[in-house]
$ cat data_12.cif   # mmCIF, N, CA, C and O atoms
data_final
#
loop_
_atom_site.group_PDB
_atom_site.id
_atom_site.type_symbol
_atom_site.label_atom_id
_atom_site.label_comp_id
_atom_site.auth_asym_id
_atom_site.auth_seq_id
_atom_site.Cartn_x
_atom_site.Cartn_y
_atom_site.Cartn_z
ATOM 1 N N MET A 1 -125.792 -100.000 -4.200
ATOM 2 C CA MET A 1 -124.669 -100.779 -3.689
ATOM 3 C C MET A 1 -123.361 -100.123 -4.121
ATOM 4 O O MET A 1 -123.151 -99.865 -5.293
ATOM 5 N N SER A 2 -122.467 -99.830 -3.183
ATOM 6 C CA SER A 2 -121.210 -99.194 -3.555
ATOM 7 C C SER A 2 -120.103 -100.236 -3.670
ATOM 8 O O SER A 2 -120.156 -101.296 -3.054
ATOM 9 N N ALA A 3 -119.102 -99.895 -4.453
ATOM 10 C CA ALA A 3 -117.962 -100.788 -4.636
ATOM 11 C C ALA A 3 -117.174 -100.872 -3.333
ATOM 12 O O ALA A 3 -117.055 -99.891 -2.615
ATOM 13 N N PRO A 4 -116.590 -102.010 -3.006
ATOM 14 C CA PRO A 4 -115.878 -102.154 -1.746
ATOM 15 C C PRO A 4 -114.651 -101.253 -1.644
ATOM 16 O O PRO A 4 -114.245 -100.888 -0.567
ATOM 17 N N THR A 5 -114.044 -100.872 -2.763
ATOM 18 C CA THR A 5 -112.845 -100.046 -2.736
ATOM 19 C C THR A 5 -113.171 -98.561 -2.698
ATOM 20 O O THR A 5 -112.289 -97.746 -2.607
ATOM 21 N N GLN A 6 -114.437 -98.200 -2.759
ATOM 22 C CA GLN A 6 -114.825 -96.794 -2.821
ATOM 23 C C GLN A 6 -115.430 -96.329 -1.499
ATOM 24 O O GLN A 6 -116.327 -96.946 -0.977
ATOM 25 N N ASN A 7 -114.910 -95.224 -0.980
ATOM 26 C CA ASN A 7 -115.488 -94.607 0.206
ATOM 27 C C ASN A 7 -116.839 -94.045 -0.223
ATOM 28 O O ASN A 7 -116.933 -93.340 -1.206
ATOM 29 N N SER A 8 -117.890 -94.321 0.535
ATOM 30 C CA SER A 8 -119.237 -93.952 0.101
ATOM 31 C C SER A 8 -119.440 -92.446 -0.043
ATOM 32 O O SER A 8 -120.295 -92.018 -0.803
ATOM 33 N N ASN A 9 -118.673 -91.613 0.694
ATOM 34 C CA ASN A 9 -118.848 -90.183 0.505
ATOM 35 C C ASN A 9 -117.739 -89.568 -0.337
ATOM 36 O O ASN A 9 -117.607 -88.365 -0.404
ATOM 37 N N GLU A 10 -116.950 -90.384 -0.998
ATOM 38 C CA GLU A 10 -115.897 -89.903 -1.887
ATOM 39 C C GLU A 10 -116.508 -89.533 -3.227
ATOM 40 O O GLU A 10 -117.190 -90.336 -3.849
ATOM 41 N N ARG A 11 -116.285 -88.321 -3.669
ATOM 42 C CA ARG A 11 -116.807 -87.885 -4.968
ATOM 43 C C ARG A 11 -115.908 -88.417 -6.068
ATOM 44 O O ARG A 11 -114.689 -88.399 -5.945
ATOM 45 N N LEU A 12 -116.529 -88.916 -7.134
ATOM 46 C CA LEU A 12 -115.787 -89.401 -8.286
ATOM 47 C C LEU A 12 -115.893 -88.387 -9.411
ATOM 48 O O LEU A 12 -116.968 -87.849 -9.675
ATOM 49 N N LEU A 13 -114.769 -88.119 -10.049
ATOM 50 C CA LEU A 13 -114.712 -87.138 -11.130
ATOM 51 C C LEU A 13 -114.593 -87.828 -12.477
ATOM 52 O O LEU A 13 -113.978 -88.889 -12.594
ATOM 53 N N THR A 14 -115.143 -87.202 -13.488
ATOM 54 C CA THR A 14 -115.020 -87.709 -14.858
ATOM 55 C C THR A 14 -113.665 -87.262 -15.419
ATOM 56 O O THR A 14 -113.042 -86.327 -14.893
ATOM 57 N N PRO A 15 -113.209 -87.895 -16.505
ATOM 58 C CA PRO A 15 -111.970 -87.427 -17.131
ATOM 59 C C PRO A 15 -112.041 -85.944 -17.520
ATOM 60 O O PRO A 15 -111.054 -85.220 -17.395
ATOM 61 N N GLY A 16 -113.199 -85.483 -17.943
ATOM 62 C CA GLY A 16 -113.358 -84.077 -18.313
ATOM 63 C C GLY A 16 -113.181 -83.148 -17.133
ATOM 64 O O GLY A 16 -112.564 -82.078 -17.260
ATOM 65 N N GLU A 17 -113.704 -83.543 -15.970
ATOM 66 C CA GLU A 17 -113.553 -82.718 -14.765
ATOM 67 C C GLU A 17 -112.093 -82.670 -14.315
ATOM 68 O O GLU A 17 -111.583 -81.615 -13.933
ATOM 69 N N VAL A 18 -111.409 -83.810 -14.386
ATOM 70 C CA VAL A 18 -109.991 -83.862 -14.027
ATOM 71 C C VAL A 18 -109.185 -83.009 -15.016
ATOM 72 O O VAL A 18 -108.303 -82.238 -14.619
ATOM 73 N N ALA A 19 -109.511 -83.129 -16.284
ATOM 74 C CA ALA A 19 -108.811 -82.365 -17.318
ATOM 75 C C ALA A 19 -108.939 -80.869 -17.077
ATOM 76 O O ALA A 19 -107.977 -80.117 -17.228
ATOM 77 N N THR A 20 -110.116 -80.416 -16.664
ATOM 78 C CA THR A 20 -110.336 -79.000 -16.373
ATOM 79 C C THR A 20 -109.440 -78.544 -15.228
ATOM 80 O O THR A 20 -108.828 -77.475 -15.299
ATOM 81 N N LEU A 21 -109.330 -79.357 -14.176
ATOM 82 C CA LEU A 21 -108.494 -78.995 -13.030
ATOM 83 C C LEU A 21 -107.022 -78.870 -13.416
ATOM 84 O O LEU A 21 -106.317 -77.988 -12.933
ATOM 85 N N PHE A 22 -106.547 -79.774 -14.290
ATOM 86 C CA PHE A 22 -105.140 -79.777 -14.693
ATOM 87 C C PHE A 22 -104.871 -78.960 -15.960
ATOM 88 O O PHE A 22 -103.736 -78.839 -16.388
ATOM 89 N N ARG A 23 -105.963 -78.456 -16.561
ATOM 90 C CA ARG A 23 -105.866 -77.681 -17.805
ATOM 91 C C ARG A 23 -105.192 -78.475 -18.926
ATOM 92 O O ARG A 23 -104.271 -77.995 -19.590
ATOM 93 N N VAL A 24 -105.671 -79.712 -19.077
ATOM 94 C CA VAL A 24 -105.216 -80.589 -20.155
ATOM 95 C C VAL A 24 -106.439 -81.164 -20.867
ATOM 96 O O VAL A 24 -107.570 -80.986 -20.421
ATOM 97 N N ASP A 25 -106.216 -81.870 -21.953
ATOM 98 C CA ASP A 25 -107.287 -82.527 -22.697
ATOM 99 C C ASP A 25 -107.732 -83.779 -21.932
ATOM 100 O O ASP A 25 -106.896 -84.455 -21.317
ATOM 101 N N PRO A 26 -109.022 -84.112 -21.964
ATOM 102 C CA PRO A 26 -109.482 -85.348 -21.298
ATOM 103 C C PRO A 26 -108.741 -86.604 -21.751
ATOM 104 O O PRO A 26 -108.546 -87.536 -20.961
ATOM 105 N N LYS A 27 -108.303 -86.652 -23.004
ATOM 106 C CA LYS A 27 -107.552 -87.826 -23.480
ATOM 107 C C LYS A 27 -106.212 -87.954 -22.752
ATOM 108 O O LYS A 27 -105.705 -89.053 -22.563
ATOM 109 N N THR A 28 -105.652 -86.833 -22.342
ATOM 110 C CA THR A 28 -104.410 -86.858 -21.577
ATOM 111 C C THR A 28 -104.648 -87.532 -20.230
ATOM 112 O O THR A 28 -103.842 -88.346 -19.782
ATOM 113 N N VAL A 29 -105.761 -87.219 -19.594
ATOM 114 C CA VAL A 29 -106.115 -87.829 -18.310
ATOM 115 C C VAL A 29 -106.265 -89.341 -18.487
ATOM 116 O O VAL A 29 -105.787 -90.126 -17.663
ATOM 117 N N THR A 30 -106.901 -89.757 -19.560
ATOM 118 C CA THR A 30 -107.071 -91.181 -19.848
ATOM 119 C C THR A 30 -105.714 -91.848 -20.051
ATOM 120 O O THR A 30 -105.480 -92.957 -19.554
ATOM 121 N N ARG A 31 -104.800 -91.174 -20.735
ATOM 122 C CA ARG A 31 -103.445 -91.724 -20.935
ATOM 123 C C ARG A 31 -102.718 -91.852 -19.601
ATOM 124 O O ARG A 31 -102.019 -92.840 -19.355
ATOM 125 N N TRP A 32 -102.875 -90.846 -18.722
ATOM 126 C CA TRP A 32 -102.249 -90.922 -17.393
ATOM 127 C C TRP A 32 -102.758 -92.150 -16.652
ATOM 128 O O TRP A 32 -101.990 -92.858 -16.007
ATOM 129 N N ALA A 33 -104.052 -92.403 -16.729
ATOM 130 C CA ALA A 33 -104.640 -93.551 -16.041
ATOM 131 C C ALA A 33 -104.108 -94.859 -16.629
ATOM 132 O O ALA A 33 -103.755 -95.787 -15.889
ATOM 133 N N SER A 34 -104.014 -94.935 -17.945
ATOM 134 C CA SER A 34 -103.498 -96.145 -18.599
ATOM 135 C C SER A 34 -102.047 -96.402 -18.226
ATOM 136 O O SER A 34 -101.621 -97.549 -18.100
ATOM 137 N N ALA A 35 -101.283 -95.325 -18.022
ATOM 138 C CA ALA A 35 -99.868 -95.442 -17.670
ATOM 139 C C ALA A 35 -99.659 -95.644 -16.173
ATOM 140 O O ALA A 35 -98.531 -95.826 -15.723
ATOM 141 N N GLY A 36 -100.740 -95.575 -15.384
ATOM 142 C CA GLY A 36 -100.622 -95.766 -13.948
ATOM 143 C C GLY A 36 -100.212 -94.520 -13.176
ATOM 144 O O GLY A 36 -99.880 -94.593 -11.998
ATOM 145 N N ARG A 37 -100.219 -93.366 -13.816
ATOM 146 C CA ARG A 37 -99.838 -92.117 -13.133
ATOM 147 C C ARG A 37 -100.935 -91.614 -12.205
ATOM 148 O O ARG A 37 -100.664 -90.840 -11.302
ATOM 149 N N ILE A 38 -102.167 -92.044 -12.458
ATOM 150 C CA ILE A 38 -103.307 -91.650 -11.623
ATOM 151 C C ILE A 38 -104.247 -92.854 -11.534
ATOM 152 O O ILE A 38 -104.456 -93.556 -12.521
ATOM 153 N N GLY A 39 -104.747 -93.101 -10.347
ATOM 154 C CA GLY A 39 -105.646 -94.235 -10.155
ATOM 155 C C GLY A 39 -107.027 -93.942 -10.714
ATOM 156 O O GLY A 39 -107.479 -92.798 -10.693
ATOM 157 N N SER A 40 -107.676 -94.975 -11.226
ATOM 158 C CA SER A 40 -109.032 -94.783 -11.739
ATOM 159 C C SER A 40 -109.895 -95.974 -11.367
ATOM 160 O O SER A 40 -109.405 -97.045 -11.050
ATOM 161 N N ILE A 41 -111.175 -95.732 -11.404
ATOM 162 C CA ILE A 41 -112.188 -96.752 -11.135
ATOM 163 C C ILE A 41 -113.003 -96.886 -12.411
ATOM 164 O O ILE A 41 -113.277 -95.881 -13.083
ATOM 165 N N ARG A 42 -113.386 -98.090 -12.758
ATOM 166 C CA ARG A 42 -114.241 -98.295 -13.926
ATOM 167 C C ARG A 42 -115.690 -98.439 -13.471
ATOM 168 O O ARG A 42 -115.979 -99.172 -12.539
ATOM 169 N N THR A 43 -116.574 -97.720 -14.157
ATOM 170 C CA THR A 43 -118.000 -97.867 -13.878
ATOM 171 C C THR A 43 -118.477 -99.173 -14.503
ATOM 172 O O THR A 43 -117.771 -99.752 -15.337
ATOM 173 N N PRO A 44 -119.666 -99.644 -14.147
ATOM 174 C CA PRO A 44 -120.192 -100.859 -14.790
ATOM 175 C C PRO A 44 -120.259 -100.711 -16.318
ATOM 176 O O PRO A 44 -120.141 -101.693 -17.036
ATOM 177 N N GLY A 45 -120.404 -99.484 -16.804
ATOM 178 C CA GLY A 45 -120.439 -99.256 -18.251
ATOM 179 C C GLY A 45 -119.065 -99.116 -18.881
ATOM 180 O O GLY A 45 -118.937 -98.908 -20.079
ATOM 181 N N GLY A 46 -118.000 -99.230 -18.076
ATOM 182 C CA GLY A 46 -116.635 -99.191 -18.600
ATOM 183 C C GLY A 46 -116.004 -97.804 -18.647
ATOM 184 O O GLY A 46 -114.900 -97.642 -19.159
ATOM 185 N N HIS A 47 -116.674 -96.801 -18.092
ATOM 186 C CA HIS A 47 -116.115 -95.451 -18.098
ATOM 187 C C HIS A 47 -115.186 -95.270 -16.903
ATOM 188 O O HIS A 47 -115.400 -95.858 -15.848
ATOM 189 N N ARG A 48 -114.170 -94.428 -17.073
ATOM 190 C CA ARG A 48 -113.235 -94.165 -15.977
ATOM 191 C C ARG A 48 -113.771 -93.067 -15.070
ATOM 192 O O ARG A 48 -114.340 -92.087 -15.539
ATOM 193 N N ARG A 49 -113.529 -93.234 -13.789
ATOM 194 C CA ARG A 49 -113.825 -92.207 -12.798
ATOM 195 C C ARG A 49 -112.619 -92.115 -11.881
ATOM 196 O O ARG A 49 -111.908 -93.094 -11.654
ATOM 197 N N PHE A 50 -112.401 -90.921 -11.353
ATOM 198 C CA PHE A 50 -111.221 -90.652 -10.545
ATOM 199 C C PHE A 50 -111.634 -90.137 -9.176
ATOM 200 O O PHE A 50 -112.527 -89.301 -9.076
ATOM 201 N N ARG A 51 -110.973 -90.616 -8.127
ATOM 202 C CA ARG A 51 -111.277 -90.167 -6.761
ATOM 203 C C ARG A 51 -110.844 -88.717 -6.604
ATOM 204 O O ARG A 51 -109.692 -88.374 -6.844
ATOM 205 N N GLU A 52 -111.778 -87.887 -6.169
ATOM 206 C CA GLU A 52 -111.498 -86.462 -6.031
ATOM 207 C C GLU A 52 -110.330 -86.214 -5.077
ATOM 208 O O GLU A 52 -109.481 -85.364 -5.350
ATOM 209 N N SER A 53 -110.249 -86.954 -3.984
ATOM 210 C CA SER A 53 -109.170 -86.737 -3.011
ATOM 211 C C SER A 53 -107.799 -87.003 -3.639
ATOM 212 O O SER A 53 -106.845 -86.263 -3.413
ATOM 213 N N GLU A 54 -107.695 -88.045 -4.458
ATOM 214 C CA GLU A 54 -106.423 -88.367 -5.119
ATOM 215 C C GLU A 54 -106.060 -87.282 -6.135
ATOM 216 O O GLU A 54 -104.916 -86.842 -6.204
ATOM 217 N N VAL A 55 -107.052 -86.848 -6.907
ATOM 218 C CA VAL A 55 -106.823 -85.809 -7.920
ATOM 219 C C VAL A 55 -106.380 -84.514 -7.256
ATOM 220 O O VAL A 55 -105.397 -83.886 -7.669
ATOM 221 N N ARG A 56 -107.085 -84.118 -6.195
ATOM 222 C CA ARG A 56 -106.733 -82.870 -5.487
ATOM 223 C C ARG A 56 -105.352 -82.979 -4.852
ATOM 224 O O ARG A 56 -104.610 -82.012 -4.797
ATOM 225 N N GLY A 57 -105.007 -84.162 -4.366
ATOM 226 C CA GLY A 57 -103.671 -84.382 -3.801
ATOM 227 C C GLY A 57 -102.588 -84.228 -4.845
ATOM 228 O O GLY A 57 -101.554 -83.594 -4.597
ATOM 229 N N MET A 58 -102.809 -84.801 -6.022
ATOM 230 C CA MET A 58 -101.837 -84.653 -7.121
ATOM 231 C C MET A 58 -101.693 -83.184 -7.508
ATOM 232 O O MET A 58 -100.588 -82.700 -7.731
ATOM 233 N N LEU A 59 -102.820 -82.504 -7.595
ATOM 234 C CA LEU A 59 -102.813 -81.093 -7.975
ATOM 235 C C LEU A 59 -102.051 -80.271 -6.935
ATOM 236 O O LEU A 59 -101.242 -79.415 -7.280
ATOM 237 N N ALA A 60 -102.268 -80.557 -5.659
ATOM 238 C CA ALA A 60 -101.565 -79.845 -4.585
ATOM 239 C C ALA A 60 -100.064 -80.106 -4.659
ATOM 240 O O ALA A 60 -99.262 -79.192 -4.488
ATOM 241 N N ASP A 61 -99.674 -81.369 -4.931
ATOM 242 C CA ASP A 61 -98.251 -81.705 -5.050
ATOM 243 C C ASP A 61 -97.611 -80.944 -6.201
ATOM 244 O O ASP A 61 -96.524 -80.394 -6.064
ATOM 245 N N LEU A 62 -98.290 -80.916 -7.339
ATOM 246 C CA LEU A 62 -97.752 -80.207 -8.497
ATOM 247 C C LEU A 62 -97.658 -78.708 -8.236
ATOM 248 O O LEU A 62 -96.693 -78.061 -8.628
ATOM 249 N N THR A 63 -98.655 -78.175 -7.564
ATOM 250 C CA THR A 63 -98.667 -76.748 -7.257
ATOM 251 C C THR A 63 -97.520 -76.400 -6.311
ATOM 252 O O THR A 63 -96.820 -75.417 -6.511
ATOM 253 N N SER A 64 -97.301 -77.223 -5.278
ATOM 254 C CA SER A 64 -96.215 -76.922 -4.342
ATOM 255 C C SER A 64 -94.856 -77.136 -4.997
ATOM 256 O O SER A 64 -93.922 -76.396 -4.736
ATOM 257 N N GLU A 65 -94.717 -78.112 -5.900
ATOM 258 C CA GLU A 65 -93.460 -78.300 -6.633
ATOM 259 C C GLU A 65 -93.162 -77.080 -7.486
ATOM 260 O O GLU A 65 -92.034 -76.611 -7.540
ATOM 261 N N ALA A 66 -94.180 -76.556 -8.157
ATOM 262 C CA ALA A 66 -93.992 -75.379 -9.006
ATOM 263 C C ALA A 66 -93.611 -74.175 -8.158
ATOM 264 O O ALA A 66 -92.746 -73.380 -8.532
ATOM 265 N N THR A 67 -94.216 -74.037 -6.998
ATOM 266 C CA THR A 67 -93.912 -72.914 -6.099
ATOM 267 C C THR A 67 -92.483 -73.023 -5.585
ATOM 268 O O THR A 67 -91.743 -72.045 -5.568
ATOM 269 N N VAL A 68 -92.060 -74.223 -5.199
ATOM 270 C CA VAL A 68 -90.702 -74.427 -4.698
ATOM 271 C C VAL A 68 -89.674 -74.125 -5.787
ATOM 272 O O VAL A 68 -88.699 -73.427 -5.557
ATOM 273 N N SER A 69 -89.895 -74.609 -7.009
ATOM 274 C CA SER A 69 -88.914 -74.390 -8.074
ATOM 275 C C SER A 69 -88.828 -72.915 -8.492
ATOM 276 O O SER A 69 -87.775 -72.458 -8.882
ATOM 277 N N THR A 70 -89.906 -72.147 -8.374
ATOM 278 C CA THR A 70 -89.827 -70.727 -8.736
ATOM 279 C C THR A 70 -89.180 -69.915 -7.635
ATOM 280 O O THR A 70 -88.638 -68.844 -7.901
ATOM 281 N N HIS A 71 -89.193 -70.412 -6.397
ATOM 282 C CA HIS A 71 -88.594 -69.664 -5.283
ATOM 283 C C HIS A 71 -87.121 -69.971 -5.110
ATOM 284 O O HIS A 71 -86.438 -69.293 -4.357
ATOM 285 N N HIS A 72 -86.592 -70.982 -5.788
ATOM 286 C CA HIS A 72 -85.193 -71.361 -5.631
ATOM 287 C C HIS A 72 -84.378 -71.011 -6.855
ATOM 288 O O HIS A 72 -83.543 -71.764 -7.293
ATOM 289 N N ARG A 73 -84.603 -69.845 -7.406
ATOM 290 C CA ARG A 73 -83.819 -69.451 -8.579
ATOM 291 C C ARG A 73 -82.534 -68.794 -8.176
ATOM 292 O O ARG A 73 -82.364 -68.137 -7.232
#

$ encode --input "data_12.cif" --output "structure tokens"
Amino acid sequence: MSAPTQNSNERLLTPGEVATLFRVDPKTVTRWASAGRIGSIRTPGGHRRFRESEVRGMLADLTSEATVSTHHR
């Protein structure tokens, strides 16, 4: 049974997987979620999971912001 807010073919990432993509510590990812900077889903066991599409979107936004700021010197 899938959660009503979750797309059934949406991959969920662990804090460690998100941390690897952003090159930060997993605790940083957890802090971002607590602060509302990134959406998370709680598993029945209370662990956080992150929607891959949202994470990749954030990463793309940050990457394009970095590219824009380096090209406008």

$ atom_distance --input "data_12.cif" --atom1 "atom O of Gly46 in chain A" --atom2 "atom N of Met58 in chain A"
22.0 Å

$ atom_distance --input "data_12.cif" --atom1 "atom O of Gly16 in chain A" --atom2 "CA of Val29 in chain A"
8.7 Å

$ atom_distance --input "data_12.cif" --atom1 "CA of Ser34 in chain A" --atom2 "CA of Gly57 in chain A"
18.9 Å

$ residues_around --input "data_12.cif" --residues "His47 in chain A" --least-positions-apart "5" --cutoff "10 Å" --atoms "only C-alpha atoms" --output "PyMOL selection string"
chain A and resi 14-15+40-42

$ closest_residue --input "data_12.cif" --among "A:Arg31, A:Arg23, A:Gly36, A:Thr43" --to "Leu59 in chain A" --atoms "only C-alpha atoms"
A:Arg23

$ residues_around --input "data_12.cif" --residues "Glu52 in chain A" --least-positions-apart "5" --cutoff "5 Å" --atoms "only N, CA, C and O atoms" --output "number ranges by chain"
A: 11-13, 57

$ axis_aligned_box --input "data_12.cif" --around "range 39-57 of chain A" --padding-each-side "4 Å" --output "lines of an AutoDock Vina configuration file"
center_x = -111.0
center_y = -91.9
center_z = -11.5
size_x = 26.9
size_y = 27.7
size_z = 25.1

$ select_by_dssp --input "data_12.cif" --residues "chain A" --states "strand (DSSP E or B)" --output "PyMOL selection string"
chain A and resi 12-13+41-42+48-51

$ select_by_dssp --input "data_12.cif" --residues "chain A" --states "alpha helix (DSSP H)" --output "PyMOL selection string"
chain A and resi 15-22+26-35+52-71

$ closest_residue --input "data_12.cif" --among "A:Val24, A:Trp32, A:Ala60, A:Thr67" --to "Arg48 in chain A" --atoms "only C-alpha atoms"
A:Trp32

$ build_atoms --input "data_12.cif" --residues "range 18-28 of chain A" --atoms "all heavy atoms" --output "CSV table (one decimal), in the frame of the given file"
chain,number,residue,atom,x,y,z
A,18,VAL,N,-111.4,-83.8,-14.4
A,18,VAL,CA,-110.0,-83.9,-14.0
A,18,VAL,C,-109.2,-83.0,-15.0
A,18,VAL,O,-108.3,-82.2,-14.6
A,18,VAL,CB,-109.5,-85.3,-14.0
A,18,VAL,CG1,-108.0,-85.4,-13.7
A,18,VAL,CG2,-110.2,-86.1,-13.0
A,19,ALA,N,-109.5,-83.1,-16.3
A,19,ALA,CA,-108.8,-82.4,-17.3
A,19,ALA,C,-108.9,-80.9,-17.1
A,19,ALA,O,-108.0,-80.1,-17.2
A,19,ALA,CB,-109.4,-82.7,-18.7
A,20,THR,N,-110.1,-80.4,-16.7
A,20,THR,CA,-110.3,-79.0,-16.4
A,20,THR,C,-109.4,-78.5,-15.2
A,20,THR,O,-108.8,-77.5,-15.3
A,20,THR,CB,-111.8,-78.7,-16.0
A,20,THR,OG1,-112.6,-79.1,-17.2
A,20,THR,CG2,-112.1,-77.3,-15.7
A,21,LEU,N,-109.3,-79.4,-14.2
A,21,LEU,CA,-108.5,-79.0,-13.0
A,21,LEU,C,-107.0,-78.9,-13.4
A,21,LEU,O,-106.3,-78.0,-12.9
A,21,LEU,CB,-108.7,-80.0,-11.9
A,21,LEU,CG,-110.0,-80.1,-11.2
A,21,LEU,CD1,-110.1,-81.3,-10.3
A,21,LEU,CD2,-110.2,-78.8,-10.4
A,22,PHE,N,-106.5,-79.8,-14.3
A,22,PHE,CA,-105.1,-79.8,-14.7
A,22,PHE,C,-104.9,-79.0,-16.0
A,22,PHE,O,-103.7,-78.8,-16.4
A,22,PHE,CB,-104.6,-81.2,-14.9
A,22,PHE,CG,-104.4,-82.0,-13.6
A,22,PHE,CD1,-105.3,-82.7,-13.1
A,22,PHE,CD2,-103.2,-81.9,-13.0
A,22,PHE,CE1,-105.1,-83.4,-11.9
A,22,PHE,CE2,-102.9,-82.5,-11.8
A,22,PHE,CZ,-103.9,-83.3,-11.3
A,23,ARG,N,-106.0,-78.5,-16.6
A,23,ARG,CA,-105.9,-77.7,-17.8
A,23,ARG,C,-105.2,-78.5,-18.9
A,23,ARG,O,-104.3,-78.0,-19.6
A,23,ARG,CB,-105.1,-76.4,-17.6
A,23,ARG,CG,-105.9,-75.5,-16.6
A,23,ARG,CD,-105.2,-74.2,-16.4
A,23,ARG,NE,-106.0,-73.4,-15.4
A,23,ARG,CZ,-105.6,-72.2,-14.9
A,23,ARG,NH1,-104.5,-71.7,-15.4
A,23,ARG,NH2,-106.3,-71.6,-14.1
A,24,VAL,N,-105.7,-79.7,-19.1
A,24,VAL,CA,-105.2,-80.6,-20.2
A,24,VAL,C,-106.4,-81.2,-20.9
A,24,VAL,O,-107.6,-81.0,-20.4
A,24,VAL,CB,-104.3,-81.7,-19.6
A,24,VAL,CG1,-103.1,-81.2,-19.0
A,24,VAL,CG2,-105.1,-82.6,-18.7
A,25,ASP,N,-106.2,-81.9,-22.0
A,25,ASP,CA,-107.3,-82.5,-22.7
A,25,ASP,C,-107.7,-83.8,-21.9
A,25,ASP,O,-106.9,-84.5,-21.3
A,25,ASP,CB,-106.7,-82.9,-24.1
A,25,ASP,CG,-107.8,-83.4,-25.0
A,25,ASP,OD1,-108.4,-82.6,-25.7
A,25,ASP,OD2,-108.1,-84.6,-25.0
A,26,PRO,N,-109.0,-84.1,-22.0
A,26,PRO,CA,-109.5,-85.3,-21.3
A,26,PRO,C,-108.7,-86.6,-21.8
A,26,PRO,O,-108.5,-87.5,-21.0
A,26,PRO,CB,-111.0,-85.4,-21.7
A,26,PRO,CG,-111.4,-84.0,-21.9
A,26,PRO,CD,-110.1,-83.3,-22.5
A,27,LYS,N,-108.3,-86.7,-23.0
A,27,LYS,CA,-107.6,-87.8,-23.5
A,27,LYS,C,-106.2,-88.0,-22.8
A,27,LYS,O,-105.7,-89.1,-22.6
A,27,LYS,CB,-107.3,-87.7,-25.0
A,27,LYS,CG,-108.6,-88.0,-25.8
A,27,LYS,CD,-108.3,-88.0,-27.3
A,27,LYS,CE,-109.6,-87.9,-28.1
A,27,LYS,NZ,-110.2,-89.1,-28.5
A,28,THR,N,-105.7,-86.8,-22.3
A,28,THR,CA,-104.4,-86.9,-21.6
A,28,THR,C,-104.6,-87.5,-20.2
A,28,THR,O,-103.8,-88.3,-19.8
A,28,THR,CB,-103.9,-85.4,-21.4
A,28,THR,OG1,-103.6,-84.8,-22.6
A,28,THR,CG2,-102.6,-85.4,-20.5
